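Working notes, beginning with the structure itself.
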Amino acid sequence: MNITDDTLRQAADFLAAGELVAFPTETVYGLGADAFNPAALARVFEVKRRPRFDPLIIHISGLEDLERVADIASLTPLVRKQAADLCRCLWPGPLTLILPKIPSVPDLATSGLPTVAVRFPAHPIAQKLIRLLNRAVAAPSANPFGYLSPTSAEHVREQLGDQIAMILDGGPADIGVESTVLDLAGSTPRILRPGGTPKERIEAVIGPLEAGETSESAIPCSPGQLKNHYAPKIPLILHGQAEMSSVPYNRSEGYLFFSSDSRSRWTKTQQPDLDGEGESRIRTLSEAGNMPEAAANLFKTLHELDKLEIFAIHAEQVPNAGLGNAVNDRLFRGAAVPFPEQNCR
Ligand code: TXA
Ligand code: MG
């Protein structure tokens, strides 16, 4: 629905009644539920077909709400200061903090963990909705578990439309990749999921993050960070930037390039015989090679390619700096090739 004060009020009423409402955030669309209503939380897991071991992010609409979900007092003075600095400098925005939880946060929201994921989104619609409910809103991305994330109301409607009370349409998501998940509950701050807030911005606030050791641990460090996540239905094959130009052209496959430069390197080598349909199978995230634009287009373009009658999607890695880190993470996880194991405790 288009958004007026009335529709927002109606959406908040649905949430208060234990129903689910999809809403826009600056990263991706969220599937919202009252964070303190276990029955509504159970519906989130059911609708998304999400395993119960994968905890949800709790969304708040102001710094003053942080202590309604997180036990700040239990942090050491150093971590308390790091948390305060991060909140002051990077909230509202695409950063989720993992903090010790307070007992009243339902176990379903945190999958029984002693910690809670908290985020203060920047999107005005998200903020208004949470404020109207006057309670925190648990919201995973509004897609079936494991599938491409939704960056438009249309994506949500196609995937979950018949199962939820309402979808608030705020247009295409600005950032297009999920929030960065930063663990502040361990011995040292650690990124569990690269996302919309680049590592460099976090380091500018709290100093260098330790490069973690790799581990073969089978326990996911952030339970949602499984391989084969963010995956299209059609197999996604990931190539290094250098390799991409030698991927042979095939009429029944799709191609996803970072920029027009990389696309033309490939076109020169492969000389695809393009008919009118070729263009829809050969896509570019950002003509100019602009990373924020590439991130914003990532899921939208993958959704579009996933609807074509093709057997595989070849994608190239993007330059691995800033937001590029999050884009590559999503590509690796969506691809048949597993991402190198991340450091897990
Ligand atoms: O940008 C976003 O973060 C979007 C929008 C809607 O805000 N939300 C989102 O939620 O991406 P979801 O559920 O798709 O991803 C949540 C991630 C998962 O990887 C989950 O495992 C991790 O956060 N997470 C949640 N609680 C955690 C905890 N206590 N400890 C470690 N990881 C946690
Ligand atoms: Mg998700």
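Each chain of the structure tokens is named A, B, ... in the order shown, its residues numbered from 1; ligands are numbered from 1 in display order.
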
Considering only C-alpha atoms and all ligand atoms, tabulate each residue of chain A that lies at most 10 Å from ligand 2 along with its nearest interatomic pair and the corresponding distance in Å to one decimal; arrange the rows by chain and ascending residue number and present them as CSV.
residue,atom,partner,partner_atom_place_in_ligand_line,distance
A:Val28,CA,ligand 2,1 (Mg),8.8
A:Tyr29,CA,ligand 2,1 (Mg),9.6
A:Gly30,CA,ligand 2,1 (Mg),8.7
A:Leu31,CA,ligand 2,1 (Mg),9.8
A:Lys48,CA,ligand 2,1 (Mg),9.5
A:Arg50,CA,ligand 2,1 (Mg),9.5
A:Asp54,CA,ligand 2,1 (Mg),9.8
A:Leu56,CA,ligand 2,1 (Mg),9.1
A:Ile57,CA,ligand 2,1 (Mg),9.8
A:Ala139,CA,ligand 2,1 (Mg),9.3
A:Pro140,CA,ligand 2,1 (Mg),5.6
A:Ser141,CA,ligand 2,1 (Mg),4.3
A:Ala142,CA,ligand 2,1 (Mg),7.3
A:Asn143,CA,ligand 2,1 (Mg),7.0
A:Pro144,CA,ligand 2,1 (Mg),8.4
A:Phe145,CA,ligand 2,1 (Mg),6.9
A:Gly146,CA,ligand 2,1 (Mg),7.3
A:Tyr147,CA,ligand 2,1 (Mg),8.2
A:Leu148,CA,ligand 2,1 (Mg),8.2
A:Ser149,CA,ligand 2,1 (Mg),6.2
A:Pro150,CA,ligand 2,1 (Mg),9.0
A:Val177,CA,ligand 2,1 (Mg),9.7
A:Glu178,CA,ligand 2,1 (Mg),7.5
A:Ser179,CA,ligand 2,1 (Mg),9.9
A:Gly224,CA,ligand 2,1 (Mg),7.2
A:Gln225,CA,ligand 2,1 (Mg),9.1
A:His229,CA,ligand 2,1 (Mg),8.2
A:Tyr230,CA,ligand 2,1 (Mg),7.4

**OP:** Extract, using only C-alpha atoms, all DNA, RNA and protein residues at most 12 Å from Leu274 in chain A, discarding same-chain residues fewer than 6 positions from it, and format them as JSON, numbers by chain.
**Re:** {"A": [249, 250, 251, 252, 267, 280, 281, 282]}

Original post:
With distances taken over only C-alpha atoms and all ligand atoms, which of A:Gly322, A:Gly32, A:Pro38, A:Pro124 is nearest to ligand 1?
Top reply: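 Result for the nearest residue to ligand 1: A:Gly32.
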
Subject >> Counting only C-alpha atoms and all ligand atoms, the option among A:Leu236, A:Met166, A:Leu41, A:Ala321 closest to ligand 1 >> reply: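 Checking each of A:Leu236, A:Met166, A:Leu41, A:Ala321 against ligand 1, counting only C-alpha atoms and all ligand atoms, the winner is A:Leu41.
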
Original post:
Which residue gives the smallest distance to Gln241 in chain A among A:Val318, A:Val137, A:Ala204, A:Leu95, with only C-alpha atoms counted?
Top reply: A:Val318

**OP:** Identify which of the residues A:Pro55, A:Pro103, A:Pro24, A:Pro208 lies closest to Ala117 in chain A, counting only C-alpha atoms when measuring atom-to-atom distances.
**Re:**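 The closest residue to Ala117 in chain A is A:Pro55.
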
Original post:
Counting only C-alpha atoms, which of A:Pro319, A:Pro194, A:Gly176, A:Gly240 gets nearest to Pro292 in chain A?
Top reply: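 Comparing A:Pro319, A:Pro194, A:Gly176, A:Gly240 against Pro292 in chain A, the winner is A:Gly176.
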
Original post:
Could you name the residues that touch His59 in chain A at 7 Å or less, counting only C-alpha atoms, but leaving out those on the same chain fewer than 6 positions away, as a list in words?
Top reply: Val118, Arg119, Phe120, Pro121, Ala136, Val137, Ala138 and Ala139 of chain A

Original post:
Excluding same-chain residues fewer than 2 positions from Ala153 in chain A, what lies within 6 Å of it counting only C-alpha atoms, as a PyMOL selection string?
Top reply: chain A and resi 155-156+169

**OP:** Write out as a ChimeraX atom specification the residues lying within 7 Å of Leu99 in chain A, counting only C-alpha atoms and excluding same-chain residues fewer than 6 positions away.
**Re:** /A:70,115-117,184-185

Subject >> Asn328 in chain A environment, 9 Å, only C-alpha atoms, sequence neighbours closer than 5 positions dropped, as a PyMOL selection string >> reply: chain A and resi 316-320+323+333

May I have the selected residues written with N, CA and C atoms, as a CSV table (one decimal), in the first residue's frame?
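This went into again.csv:
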chain,number,residue,atom,x,y,z
A,316,GLU,N,30.5,-11.8,-11.9
A,316,GLU,CA,31.9,-11.5,-11.5
A,316,GLU,C,31.9,-10.8,-10.2
A,317,GLN,N,33.0,-11.1,-9.4
A,317,GLN,CA,33.2,-10.5,-8.2
A,317,GLN,C,33.5,-9.0,-8.4
A,318,VAL,N,33.1,-8.2,-7.4
A,318,VAL,CA,33.3,-6.7,-7.6
A,318,VAL,C,34.5,-6.3,-6.8
A,319,PRO,N,35.1,-5.2,-7.0
A,319,PRO,CA,36.3,-4.8,-6.2
A,319,PRO,C,35.9,-4.8,-4.7
A,320,ASN,N,36.9,-5.4,-3.9
A,320,ASN,CA,36.5,-5.8,-2.5
A,320,ASN,C,36.8,-4.7,-1.5
A,323,LEU,N,31.6,-1.0,0.4
A,323,LEU,CA,30.4,-1.8,0.2
A,323,LEU,C,30.6,-3.1,-0.7
A,333,ARG,N,27.8,-16.3,-1.2
A,333,ARG,CA,26.9,-17.1,-0.5
A,333,ARG,C,25.8,-17.6,-1.4

**OP:** Calculate how many Å separate CA of Arg190 in chain A from CA of Ala335 in chain A, rounding to one decimal.
**Re:** 24.4 Å
